[in-house]
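Asker: Enclosed is the structure file entry.cif (mmCIF, C-alpha atoms and all ligand atoms).
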```cif
data_entry
loop_
_atom_site.label_atom_id
_atom_site.label_comp_id
_atom_site.auth_asym_id
_atom_site.auth_seq_id
_atom_site.Cartn_x
_atom_site.Cartn_y
_atom_site.Cartn_z
CA MET A 1 0.00 0.00 0.00
CA LYS A 2 2.82 2.33 0.94
CA LYS A 3 4.48 1.52 -2.38
CA PHE A 4 1.27 2.43 -4.14
CA ILE A 5 1.05 5.75 -2.28
CA ASN A 6 4.67 6.49 -3.18
CA LEU A 7 3.92 5.73 -6.79
CA LEU A 8 0.92 8.05 -6.69
CA LEU A 9 3.04 10.76 -5.08
CA ALA A 10 5.74 10.33 -7.74
CA LEU A 11 3.16 10.50 -10.53
CA PHE A 12 1.68 13.59 -8.93
CA LEU A 13 5.11 15.25 -8.78
CA VAL A 14 5.85 14.43 -12.43
CA PHE A 15 2.45 15.74 -13.45
CA THR A 16 2.77 19.03 -11.53
CA GLN A 17 6.30 19.55 -12.82
CA THR A 18 5.23 19.02 -16.44
CA TYR A 19 2.26 21.24 -15.85
CA THR A 20 4.39 23.98 -14.29
CA ALA A 21 6.93 23.71 -17.10
CA LYS A 22 4.15 24.09 -19.62
CA SER A 23 2.49 27.02 -17.91
CA ALA A 24 5.90 28.68 -17.53
CA GLU A 25 6.33 28.36 -21.29
CA VAL A 26 2.85 29.83 -21.86
CA LYS A 27 3.50 32.74 -19.53
CA ASN A 28 6.76 33.33 -21.31
CA MET A 29 5.21 34.02 -24.75
CA ASN A 30 2.56 36.23 -23.22
CA SER A 31 5.10 38.29 -21.29
CA LEU A 32 7.03 39.09 -24.47
CA ILE A 33 4.03 40.80 -26.05
CA ASN A 34 3.90 44.56 -25.48
CA GLN A 35 0.17 45.18 -25.08
CA ASP A 36 0.43 48.99 -25.19
CA ARG A 37 2.44 48.82 -28.40
CA LEU A 38 -0.13 46.40 -29.87
CA VAL A 39 -3.01 48.75 -28.97
CA ASN A 40 -1.15 51.79 -30.32
CA SER A 41 -0.48 50.02 -33.62
CA PHE A 42 -4.13 49.00 -33.86
CA ILE A 43 -5.32 52.57 -33.25
CA ARG A 44 -2.80 53.94 -35.76
CA TYR A 45 -4.14 51.54 -38.44
CA ALA A 46 -7.81 51.99 -37.47
CA LYS A 47 -7.62 55.77 -37.96
CA ILE A 48 -6.73 55.33 -41.63
CA ASP A 49 -9.84 55.09 -43.82
CA THR A 50 -9.49 51.97 -46.01
CA GLY A 51 -13.10 51.28 -47.03
CA SER A 52 -13.34 49.09 -50.14
CA ASP A 53 -16.00 49.30 -52.87
CA PRO A 54 -17.69 46.13 -54.18
CA VAL A 55 -18.89 47.74 -57.44
CA ILE A 56 -15.46 49.06 -58.47
CA ALA A 57 -13.82 45.80 -57.27
CA GLU A 58 -15.47 43.98 -60.20
CA LYS A 59 -13.15 45.95 -62.49
CA LYS A 60 -10.17 46.96 -60.40
CA ILE A 61 -8.20 45.74 -57.36
CA PRO A 62 -7.68 47.61 -55.11
CA SER A 63 -11.17 49.06 -55.51
CA THR A 64 -10.11 52.22 -53.63
CA GLU A 65 -6.73 53.96 -53.80
CA LYS A 66 -6.89 54.86 -50.09
CA GLN A 67 -6.09 51.25 -49.18
CA PHE A 68 -2.53 52.12 -50.27
CA ASP A 69 -2.30 54.59 -47.34
CA LEU A 70 -2.25 51.70 -44.87
CA ALA A 71 -0.40 49.28 -47.17
CA ASN A 72 2.50 51.73 -47.61
CA LEU A 73 2.64 52.48 -43.88
CA LEU A 74 2.82 48.74 -43.09
CA ALA A 75 5.56 48.24 -45.65
CA GLU A 76 7.56 51.05 -43.98
CA GLU A 77 7.09 49.48 -40.56
CA LEU A 78 8.09 46.02 -41.83
CA LYS A 79 11.24 47.52 -43.38
CA LYS A 80 12.10 49.23 -40.08
CA LEU A 81 11.73 45.87 -38.35
CA GLY A 82 14.35 44.51 -40.75
CA LEU A 83 12.16 42.13 -42.75
CA LYS A 84 13.40 41.05 -46.17
CA ASP A 85 11.85 41.49 -49.65
CA VAL A 86 9.31 44.06 -48.43
CA ASN A 87 7.08 45.01 -51.34
CA VAL A 88 3.74 46.66 -52.15
CA ASN A 89 2.57 45.65 -55.62
CA LYS A 90 0.25 47.56 -57.96
CA HIS A 91 -2.75 45.64 -56.55
CA CYS A 92 -1.95 46.87 -53.02
CA VAL A 93 -0.68 43.51 -51.74
CA VAL A 94 2.04 43.93 -49.09
CA THR A 95 4.50 41.03 -48.84
CA ALA A 96 7.54 40.59 -46.60
CA LYS A 97 9.67 37.80 -45.27
CA LEU A 98 11.19 37.01 -41.87
CA PRO A 99 13.91 34.44 -42.63
CA ALA A 100 14.01 31.23 -40.59
CA ASN A 101 16.52 30.80 -37.77
CA ILE A 102 16.24 26.99 -37.92
CA ASP A 103 17.02 24.61 -40.78
CA ASN A 104 14.57 22.44 -42.61
CA ALA A 105 11.20 23.81 -41.57
CA PRO A 106 8.01 24.67 -43.45
CA ILE A 107 7.44 28.19 -44.77
CA ILE A 108 4.41 29.66 -43.01
CA ALA A 109 2.43 32.63 -44.31
CA LEU A 110 0.30 34.95 -42.16
CA PHE A 111 -2.47 36.86 -43.95
CA ALA A 112 -4.67 39.77 -42.86
CA HIS A 113 -6.63 42.31 -44.92
CA VAL A 114 -6.23 46.09 -44.89
CA ASP A 115 -9.66 47.08 -46.23
CA THR A 116 -12.85 47.59 -44.21
CA ALA A 117 -16.48 46.86 -45.04
CA HIS A 118 -18.59 49.19 -47.19
CA ASP A 119 -21.99 48.52 -45.58
CA VAL A 120 -21.35 50.89 -42.65
CA PRO A 121 -19.85 54.40 -42.87
CA THR A 122 -16.06 54.12 -42.95
CA GLY A 123 -14.61 57.64 -43.08
CA VAL A 124 -12.10 58.83 -40.55
CA VAL A 125 -12.32 56.52 -37.53
CA LYS A 126 -12.01 58.06 -34.06
CA PRO A 127 -11.15 55.22 -31.68
CA GLN A 128 -12.17 55.58 -28.01
CA ILE A 129 -10.76 53.63 -25.09
CA PHE A 130 -12.79 52.51 -22.04
CA ASP A 131 -11.67 50.71 -18.89
CA TYR A 132 -14.73 48.49 -18.85
CA LYS A 133 -16.34 47.77 -15.50
CA GLY A 134 -19.77 46.51 -16.63
CA GLY A 135 -23.08 47.77 -18.07
CA ASN A 136 -23.86 49.34 -21.45
CA ILE A 137 -21.36 51.61 -23.17
CA THR A 138 -22.84 54.77 -24.66
CA LEU A 139 -20.72 56.15 -27.49
CA LEU A 140 -20.24 59.87 -28.18
CA ASN A 141 -23.11 60.07 -30.70
CA GLY A 142 -25.51 58.19 -28.40
CA THR A 143 -25.10 54.73 -30.01
CA VAL A 144 -25.23 52.04 -27.31
CA ILE A 145 -23.15 48.87 -27.07
CA ASN A 146 -25.21 46.40 -25.04
CA ALA A 147 -23.85 44.89 -21.83
CA GLU A 148 -24.79 41.47 -23.28
CA ASP A 149 -22.16 41.90 -26.03
CA LEU A 150 -19.61 42.96 -23.40
CA LYS A 151 -20.20 40.23 -20.83
CA ASP A 152 -16.76 38.63 -21.28
CA GLU A 153 -14.91 41.96 -21.18
CA ILE A 154 -15.24 43.12 -17.56
CA GLY A 155 -11.88 44.48 -16.38
CA HIS A 156 -10.68 44.81 -19.98
CA LYS A 157 -9.53 47.84 -21.92
CA ILE A 158 -12.16 48.22 -24.69
CA ILE A 159 -11.57 50.09 -27.95
CA THR A 160 -14.67 51.41 -29.73
CA THR A 161 -15.47 54.16 -32.25
CA ASP A 162 -17.30 57.42 -31.50
CA GLY A 163 -20.41 55.73 -32.95
CA THR A 164 -20.38 57.38 -36.39
CA THR A 165 -18.26 54.80 -38.24
CA LEU A 166 -17.22 51.20 -37.99
CA LEU A 167 -14.02 50.49 -36.06
CA GLY A 168 -12.38 48.26 -38.62
CA ALA A 169 -11.15 45.70 -36.08
CA ASP A 170 -12.09 43.50 -39.04
CA ASP A 171 -9.35 43.17 -39.91
CA LYS A 172 -6.98 45.79 -38.48
CA SER A 173 -6.84 43.83 -35.23
CA GLY A 174 -5.50 40.91 -37.30
CA VAL A 175 -2.98 43.23 -38.97
CA ALA A 176 -1.82 44.63 -35.60
CA GLU A 177 -1.56 41.15 -34.02
CA ILE A 178 0.64 39.89 -36.88
CA MET A 179 2.82 43.02 -36.64
CA GLU A 180 3.24 42.56 -32.87
CA ALA A 181 4.02 38.82 -33.22
CA ILE A 182 6.70 39.62 -35.83
CA THR A 183 8.09 42.39 -33.60
CA VAL A 184 8.37 39.92 -30.68
CA LEU A 185 10.32 37.49 -32.88
CA VAL A 186 12.63 40.25 -34.14
CA GLU A 187 13.26 41.46 -30.57
CA ASN A 188 13.93 37.94 -29.29
CA PRO A 189 16.25 36.22 -31.75
CA SER A 190 16.67 33.31 -29.31
CA ILE A 191 13.11 32.19 -30.12
CA LYS A 192 13.41 29.65 -32.90
CA HIS A 193 11.00 30.00 -35.82
CA PRO A 194 10.55 28.88 -39.43
CA GLU A 195 10.52 31.30 -42.39
CA ILE A 196 7.48 33.53 -42.05
CA LYS A 197 5.82 35.34 -44.92
CA VAL A 198 3.66 38.32 -44.00
CA VAL A 199 0.92 39.17 -46.49
CA PHE A 200 -1.49 42.10 -46.13
CA THR A 201 -4.16 42.10 -48.82
CA PRO A 202 -6.81 44.53 -50.13
CA ASP A 203 -10.51 44.07 -50.82
CA GLU A 204 -11.37 41.05 -48.66
CA GLU A 205 -14.74 42.62 -47.93
CA THR A 206 -15.62 42.77 -51.62
CA GLY A 207 -14.78 39.08 -51.90
CA LEU A 208 -12.45 39.80 -54.81
CA GLY A 209 -9.18 40.83 -53.15
CA LEU A 210 -7.42 37.56 -53.83
CA SER A 211 -8.59 37.29 -57.44
CA ILE A 212 -5.31 39.04 -58.30
CA PHE A 213 -3.14 36.97 -55.92
CA ASP A 214 -0.74 34.56 -57.64
CA THR A 215 -1.07 31.61 -55.22
CA LYS A 216 0.67 29.17 -57.57
CA ASN A 217 3.90 31.18 -57.54
CA PHE A 218 3.70 32.16 -53.88
CA GLU A 219 6.28 30.21 -51.92
CA ALA A 220 4.71 28.96 -48.70
CA ASP A 221 3.81 25.52 -47.37
CA LEU A 222 0.77 26.56 -45.39
CA ALA A 223 -0.88 29.74 -44.16
CA TYR A 224 -3.22 31.23 -41.61
CA THR A 225 -5.53 34.18 -42.12
CA VAL A 226 -5.94 36.18 -38.90
CA ASP A 227 -9.45 37.42 -39.60
CA GLY A 228 -11.83 35.51 -37.34
CA GLY A 229 -13.68 36.13 -34.09
CA ALA A 230 -12.84 34.86 -30.61
CA PRO A 231 -9.27 33.73 -29.83
CA HIS A 232 -10.28 30.13 -29.01
CA GLU A 233 -12.06 29.69 -32.34
CA LEU A 234 -10.45 28.18 -35.40
CA ASP A 235 -12.43 28.52 -38.62
CA THR A 236 -11.98 25.25 -40.49
CA GLU A 237 -15.07 25.28 -42.63
CA THR A 238 -16.82 27.73 -44.94
CA PHE A 239 -19.93 27.58 -47.10
CA ASN A 240 -20.01 26.28 -50.66
CA ALA A 241 -21.18 29.36 -52.47
CA PHE A 242 -23.03 30.09 -55.70
CA ASN A 243 -24.27 33.54 -56.75
CA PRO A 244 -26.90 32.61 -59.38
CA GLU A 245 -28.11 35.20 -61.89
CA ILE A 246 -31.41 34.78 -63.69
CA THR A 247 -32.56 36.86 -66.66
CA ILE A 248 -36.22 36.61 -67.64
CA THR A 249 -37.26 38.12 -70.95
CA GLY A 250 -41.03 38.53 -71.39
CA LYS A 251 -43.15 39.80 -74.26
CA VAL A 252 -44.42 43.36 -74.16
CA VAL A 253 -47.58 44.49 -75.92
CA HIS A 254 -49.61 47.70 -75.40
CA CYS A 255 -51.74 47.05 -72.32
CA GLY A 256 -54.91 47.80 -74.26
CA TYR A 257 -54.19 44.97 -76.68
CA ALA A 258 -52.39 42.62 -74.31
CA TYR A 259 -55.10 40.02 -73.79
CA GLY A 260 -53.61 36.58 -74.34
CA LYS A 261 -50.37 38.09 -75.65
CA MET A 262 -48.36 39.91 -73.03
CA ILE A 263 -45.86 38.04 -70.83
CA ASN A 264 -44.78 40.26 -67.92
CA SER A 265 -41.28 39.23 -66.82
CA LEU A 266 -41.81 40.86 -63.39
CA GLU A 267 -44.75 38.53 -62.75
CA LEU A 268 -42.66 35.52 -63.72
CA ALA A 269 -39.88 36.63 -61.38
CA ASN A 270 -42.46 36.95 -58.63
CA GLU A 271 -43.80 33.45 -59.43
CA PHE A 272 -40.26 32.05 -59.26
CA VAL A 273 -39.46 33.69 -55.92
CA SER A 274 -42.75 32.44 -54.42
CA LYS A 275 -41.73 28.86 -55.23
CA LEU A 276 -38.53 29.02 -53.14
CA PRO A 277 -38.84 27.22 -49.78
CA LYS A 278 -39.72 29.78 -47.07
CA ASN A 279 -37.88 27.86 -44.36
CA GLU A 280 -34.58 27.94 -46.26
CA THR A 281 -33.63 31.63 -46.14
CA PRO A 282 -30.85 33.35 -44.15
CA SER A 283 -33.38 34.44 -41.51
CA THR A 284 -34.86 30.95 -41.04
CA THR A 285 -31.62 28.92 -40.94
CA ARG A 286 -28.62 28.72 -38.66
CA GLY A 287 -25.73 26.46 -37.63
CA ARG A 288 -24.96 24.10 -40.50
CA GLU A 289 -28.19 24.71 -42.44
CA GLY A 290 -27.93 26.10 -45.96
CA TYR A 291 -30.19 28.63 -47.70
CA TYR A 292 -31.49 30.45 -50.77
CA PHE A 293 -31.29 34.25 -50.64
CA VAL A 294 -32.92 36.60 -53.13
CA ASP A 295 -30.52 39.52 -53.09
CA GLU A 296 -31.82 41.78 -55.87
CA ILE A 297 -34.69 41.95 -58.34
CA SER A 298 -34.59 44.65 -60.98
CA GLY A 299 -36.31 45.14 -64.27
CA THR A 300 -39.33 46.08 -66.32
CA ALA A 301 -42.22 44.09 -67.76
CA GLU A 302 -39.98 43.23 -70.68
CA LYS A 303 -36.88 42.05 -68.84
CA THR A 304 -36.15 41.20 -65.19
CA THR A 305 -32.91 40.15 -63.52
CA VAL A 306 -32.88 38.21 -60.25
CA LYS A 307 -29.63 37.99 -58.30
CA MET A 308 -29.36 35.32 -55.64
CA LEU A 309 -27.03 33.64 -53.17
CA VAL A 310 -27.13 29.89 -52.59
CA ARG A 311 -25.13 28.61 -49.63
CA ASP A 312 -24.53 25.22 -48.00
CA PHE A 313 -21.71 23.50 -46.10
CA ASP A 314 -22.51 20.31 -48.02
CA LEU A 315 -21.53 20.65 -51.69
CA LYS A 316 -24.10 18.06 -52.81
CA LYS A 317 -26.90 19.95 -51.07
CA ALA A 318 -25.73 23.24 -52.60
CA GLN A 319 -25.77 21.60 -56.03
CA GLU A 320 -29.26 20.21 -55.36
CA ARG A 321 -30.44 23.75 -54.63
CA ILE A 322 -28.99 24.90 -57.97
CA GLU A 323 -30.83 22.01 -59.69
CA PHE A 324 -34.07 23.01 -57.94
CA ILE A 325 -33.74 26.58 -59.26
CA GLU A 326 -33.03 25.32 -62.77
CA LYS A 327 -36.01 22.93 -62.74
CA THR A 328 -38.36 25.60 -61.41
CA LEU A 329 -37.25 28.08 -64.08
CA LYS A 330 -37.63 25.48 -66.86
CA LYS A 331 -41.21 24.80 -65.75
CA ILE A 332 -42.04 28.54 -65.74
CA GLU A 333 -40.53 28.89 -69.21
CA LYS A 334 -42.55 25.92 -70.48
CA ASP A 335 -45.82 27.21 -68.97
CA ASN A 336 -45.36 30.68 -70.51
CA LYS A 337 -44.70 30.11 -74.19
CA GLY A 338 -42.77 32.99 -75.69
CA CYS A 339 -40.72 33.98 -72.68
CA LYS A 340 -37.01 33.30 -72.41
CA ILE A 341 -35.18 32.49 -69.17
CA GLU A 342 -31.40 32.43 -68.88
CA PHE A 343 -29.72 30.98 -65.82
CA ASN A 344 -26.11 31.30 -64.72
CA PRO A 345 -25.37 29.43 -61.43
CA LYS A 346 -22.00 31.29 -60.92
CA PRO A 347 -19.99 29.19 -58.44
CA VAL A 348 -17.99 31.56 -56.16
CA TYR A 349 -16.12 29.57 -53.52
CA GLN A 350 -16.05 26.11 -51.94
CA ASN A 351 -15.95 24.69 -48.44
CA MET A 352 -12.27 24.33 -47.49
CA LYS A 353 -12.85 21.58 -44.90
CA GLU A 354 -12.18 18.53 -47.13
CA TYR A 355 -8.90 20.06 -48.36
CA PHE A 356 -7.43 20.04 -44.85
CA ASN A 357 -7.43 16.21 -44.93
CA GLN A 358 -4.34 16.59 -47.16
CA MET A 359 -2.40 17.78 -44.08
CA PRO A 360 -4.59 17.79 -40.93
CA GLU A 361 -1.67 19.25 -38.96
CA VAL A 362 -2.60 22.76 -40.17
CA ILE A 363 -5.58 22.32 -37.84
CA THR A 364 -4.18 20.14 -35.05
CA TYR A 365 -0.97 22.17 -34.60
CA ALA A 366 -3.04 25.37 -34.47
CA GLU A 367 -5.23 23.77 -31.81
CA GLU A 368 -2.12 22.85 -29.82
CA GLY A 369 -0.93 26.47 -30.08
CA ILE A 370 -4.29 27.80 -28.88
CA ARG A 371 -4.17 25.33 -25.95
CA ARG A 372 -0.75 26.69 -24.99
CA SER A 373 -2.38 30.12 -24.67
CA GLY A 374 -4.55 28.57 -21.96
CA LEU A 375 -7.69 28.27 -24.12
CA THR A 376 -9.82 25.34 -25.23
CA PRO A 377 -9.87 25.42 -29.03
CA VAL A 378 -13.19 25.11 -30.89
CA ARG A 379 -13.49 24.34 -34.62
CA ASN A 380 -15.92 26.77 -36.16
CA SER A 381 -18.03 26.67 -39.33
CA VAL A 382 -18.18 30.16 -40.85
CA ARG A 383 -21.52 31.03 -42.41
CA GLY A 384 -19.65 32.84 -45.15
CA GLY A 385 -16.32 32.66 -46.90
CA THR A 386 -12.80 33.71 -45.97
CA ASP A 387 -9.76 34.64 -48.03
CA GLY A 388 -8.49 31.28 -46.75
CA SER A 389 -11.17 29.37 -48.66
CA HIS A 390 -9.82 30.89 -51.87
CA LEU A 391 -6.17 30.14 -50.98
CA THR A 392 -6.99 26.60 -49.79
CA LEU A 393 -8.73 25.73 -53.05
CA GLU A 394 -5.68 26.96 -54.93
CA GLY A 395 -3.47 24.60 -52.93
CA LEU A 396 -2.30 26.75 -50.00
CA LEU A 397 -4.00 25.26 -46.92
CA THR A 398 -5.25 28.25 -44.88
CA PRO A 399 -7.50 27.97 -41.82
CA ASN A 400 -8.64 31.20 -40.16
CA LEU A 401 -7.49 32.28 -36.68
CA GLY A 402 -9.43 34.58 -34.35
CA ALA A 403 -8.56 38.28 -34.48
CA GLY A 404 -10.75 39.18 -31.49
CA GLY A 405 -13.20 41.82 -32.79
CA ILE A 406 -16.90 41.77 -31.88
CA ASN A 407 -19.94 43.23 -33.76
CA PHE A 408 -18.06 43.36 -37.06
CA HIS A 409 -19.47 45.60 -39.79
CA SER A 410 -21.35 47.90 -37.42
CA GLN A 411 -20.97 51.14 -35.47
CA THR A 412 -20.95 49.10 -32.24
CA GLU A 413 -17.87 47.13 -33.29
CA PHE A 414 -15.23 46.82 -30.56
CA VAL A 415 -12.14 44.88 -29.56
CA SER A 416 -10.33 44.61 -26.24
CA ALA A 417 -6.61 45.01 -25.64
CA GLU A 418 -6.57 41.74 -23.68
CA THR A 419 -8.26 39.77 -26.48
CA MET A 420 -5.88 41.15 -29.10
CA THR A 421 -2.97 40.12 -26.87
CA LYS A 422 -4.44 36.59 -26.63
CA CYS A 423 -4.77 36.38 -30.43
CA CYS A 424 -1.16 37.54 -30.81
CA GLU A 425 -0.10 34.93 -28.26
CA ASN A 426 -1.91 32.28 -30.32
CA ILE A 427 0.09 33.25 -33.41
CA LEU A 428 3.38 32.96 -31.51
CA ASN A 429 2.42 29.66 -29.90
CA ILE A 430 1.26 28.15 -33.20
CA LEU A 431 4.59 29.13 -34.81
CA GLN A 432 6.32 27.46 -31.84
CA VAL A 433 4.41 24.23 -32.38
CA TRP A 434 5.43 24.18 -36.06
CA THR A 435 9.04 24.83 -35.05
CA GLU A 436 9.07 21.93 -32.58
CA LYS A 437 7.25 19.57 -34.95
CA ALA A 438 9.35 20.49 -38.01
CA PRO A 439 11.37 17.23 -38.06
CA GLU A 440 8.15 15.21 -37.89
CA ILE A 441 6.21 17.13 -40.54
CA MET A 442 8.96 17.88 -43.07
CA PRO A 443 8.60 14.56 -44.99
CA THR A 444 4.92 15.46 -45.63
CA ILE A 445 5.87 19.02 -46.58
CA GLU A 446 8.62 17.80 -48.97
CA LYS A 447 6.09 15.53 -50.67
CA ARG A 448 3.63 18.41 -51.07
CA ARG A 449 6.35 20.67 -52.53
CA LYS A 450 6.91 18.27 -55.45
ZN ZN A 501 -12.33 40.39 -42.30
#
```
Once more with this new file: its structure as structure tokens, please.
Ligand SMILES: [Zn+2]
Answerer:
Amino acid sequence: MKKFINLLLALFLVFTQTYTAKSAEVKNMNSLINQDRLVNSFIRYAKIDTGSDPVIAEKKIPSTEKQFDLANLLAEELKKLGLKDVNVNKHCVVTAKLPANIDNAPIIALFAHVDTAHDVPTGVVKPQIFDYKGGNITLLNGTVINAEDLKDEIGHKIITTDGTTLLGADDKSGVAEIMEAITVLVENPSIKHPEIKVVFTPDEETGLGLSIFDTKNFEADLAYTVDGGAPHELDTETFNAFNPEITITGKVVHCGYAYGKMINSLELANEFVSKLPKNETPSTTRGREGYYFVDEISGTAEKTTVKMLVRDFDLKKAQERIEFIEKTLKKIEKDNKGCKIEFNPKPVYQNMKEYFNQMPEVITYAEEGIRRSGLTPVRNSVRGGTDGSHLTLEGLLTPNLGAGGINFHSQTEFVSAETMTKCCENILNILQVWTEKAPEIMPTIEKRRK
């Protein structure tokens, strides 16, 4: 019995020692981050108006020249930090490289976007700082951030706007966290790390920013976008997306002589929309459920265009929705002799989840890194797309890490200094995991390089 107790005691000692060693390591990364510097960088970036424009983006990236204001500033700061090959190209993509200080390790890219959303006033952002103690926050123009949204932030330093614009924590918090992580590595050359590529991109919010990015010739073995929500979340799944466009051409005759002759395309569009399942819209679905969304109807009796979004995590189900639309339109065309209906399903992006099976470590190593920051990682399904879905489909596996902002795309958007620090810590810890695991993973990486 005594032997058994001794054994238990020994096991307990080993366990506590390992645990202490681990938490010492965790504390170590955290203590290297300069929270004030991180907040100051964020505020410096947030003040620069970088709103993108989805209409212009169809023709030109960047859609707005002002995105260069931040891109050029970041390039200057990266140069000052001593990074190599710092460049801003004509499409406003900033790239830079921090060379490895270990041999034989994967090249890891970190992505964040410089633009902000167009659906809320951008303009000149005036960030405000609160030491949050509880309750609602009333912004300068009277806009209220509800206590419910702030429940995890008590005791934190909160950064908001004055209420007239968005804050742009999406994704300037991601930009600032990457900059701080790189700064920590530059300041502490004893921390081993692989080669890191920093990439700041334009026009994420228009969905077209990476259309000009040459993924095939971009040298990296894997990547992370830092553009998500909470620090414990890891976005590993996105929708399969189609943006169908339907053009209905009717037959117009003077109303006085229209009996039995006129085909009103607006009525046919209305008939089509009424046949879509009511319980499969964005407002009647959640979690992993997909939907149909009628985004725009415009036209005259003669010709009507319907623009839609079709979304589903399951590709087969998304394709079934497209087939349902096609079948419904064919029936309407058949029942209304003389009308013409054109249908373009327009696939936009695909769920990245299946692609990660090629190298599941992009997920599991990230989870290990998040755990080292003292958090319990959660895999998240984004009801949308990320720049990472585009990169992943092109062969660069890119899950999305949390950047910490809350109430994205609104005047009540905010981020806390503590959360940004946690997200930065995640980046550093994930890089550490890849450094330690390099000998194990390199055979897989070498195979993928071929
Ligand atoms: Zn974003």
Asker: Can you tell me which residues come within 6 Å of ligand ZN 501 (chain A) when counting all atoms listed in the file, ideally as JSON, numbers by chain?
Answerer: {"A": [170, 171, 227]}
Asker: Kindly provide, as a compact mmCIF listing (two decimals) with C-alpha atoms, in the coordinates of the input, the polymer residues lying within 10 Å of (-4.7, 26.6, -56.7), counting only C-alpha atoms and using the coordinates exactly as they appear in the file.
Answerer:
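Now in point-v3.txt:
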```
# COMPACT_ATOMS: atom_id res chain seq x y z
CA ASP A 214 -0.74 34.56 -57.64
CA THR A 215 -1.07 31.61 -55.22
CA LYS A 216 0.67 29.17 -57.57
CA ASN A 217 3.90 31.18 -57.54
CA HIS A 390 -9.82 30.89 -51.87
CA LEU A 391 -6.17 30.14 -50.98
CA THR A 392 -6.99 26.60 -49.79
CA LEU A 393 -8.73 25.73 -53.05
CA GLU A 394 -5.68 26.96 -54.93
CA GLY A 395 -3.47 24.60 -52.93
CA LEU A 396 -2.30 26.75 -50.00
CA LEU A 397 -4.00 25.26 -46.92
```
Asker: Atom CA of Leu74 of chain A and atom CA of Ala230 of chain A are how many Å apart?
Answerer: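 Those two atoms sit 24.4 Å apart.
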Asker: Hey, what's within 7 Å of segment 251-266 of chain A if we count all atoms listed in the file and toss same-chain stuff fewer than 4 positions away? As a list in words, please?
Answerer: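 Skipping anything fewer than 4 positions along the chain leaves Asn270, Thr300, Ala301, Glu302, Lys303, Thr304, Gly338 and Cys339 of chain A.
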Asker: For Leu166 of chain A, which residue out of A:Asp36, A:Glu296, A:Glu333, A:Asp119 is the nearest one, using all atoms listed in the file?
Answerer: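 Among the listed residues, the smallest separation from Leu166 of chain A belongs to A:Asp119.
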Asker: Of the candidates A:Thr201, A:Asn240, A:Asn400, A:Gln411, which one gets nearest to Phe313 of chain A if we count only C-alpha atoms?
Answerer: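 Closest candidate: A:Asn240.
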Asker: What is the atom CA of Val382 of chain A-atom CA of Ile108 of chain A distance in Å, reported with one decimal?
Answerer: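 These two atoms are separated by 22.7 Å.
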Asker: For Gly163 of chain A, which of A:Leu139, A:Glu195, A:Thr386, A:Asn188 is the closest residue, counting all atoms listed in the file?
Answerer: A:Leu139
Asker: Using only C-alpha atoms, which protein or nucleic acid residues come within 10 Å of Arg449 of chain A? Drop anything in the same chain fewer than 6 positions from it, and give the result as a PyMOL selection string.
Answerer: chain A and resi 219-221+443
Asker: Can those selected residues be exported to a file as an mmCIF file, in the frame of the given file so that it contains C-alpha atoms?
Answerer:
```
data_model
loop_
_atom_site.group_PDB
_atom_site.id
_atom_site.type_symbol
_atom_site.label_atom_id
_atom_site.label_comp_id
_atom_site.auth_asym_id
_atom_site.auth_seq_id
_atom_site.Cartn_x
_atom_site.Cartn_y
_atom_site.Cartn_z
ATOM 1 C CA GLU A 219 6.280 30.210 -51.920
ATOM 2 C CA ALA A 220 4.710 28.960 -48.700
ATOM 3 C CA ASP A 221 3.810 25.520 -47.370
ATOM 4 C CA PRO A 443 8.600 14.560 -44.990
#
```
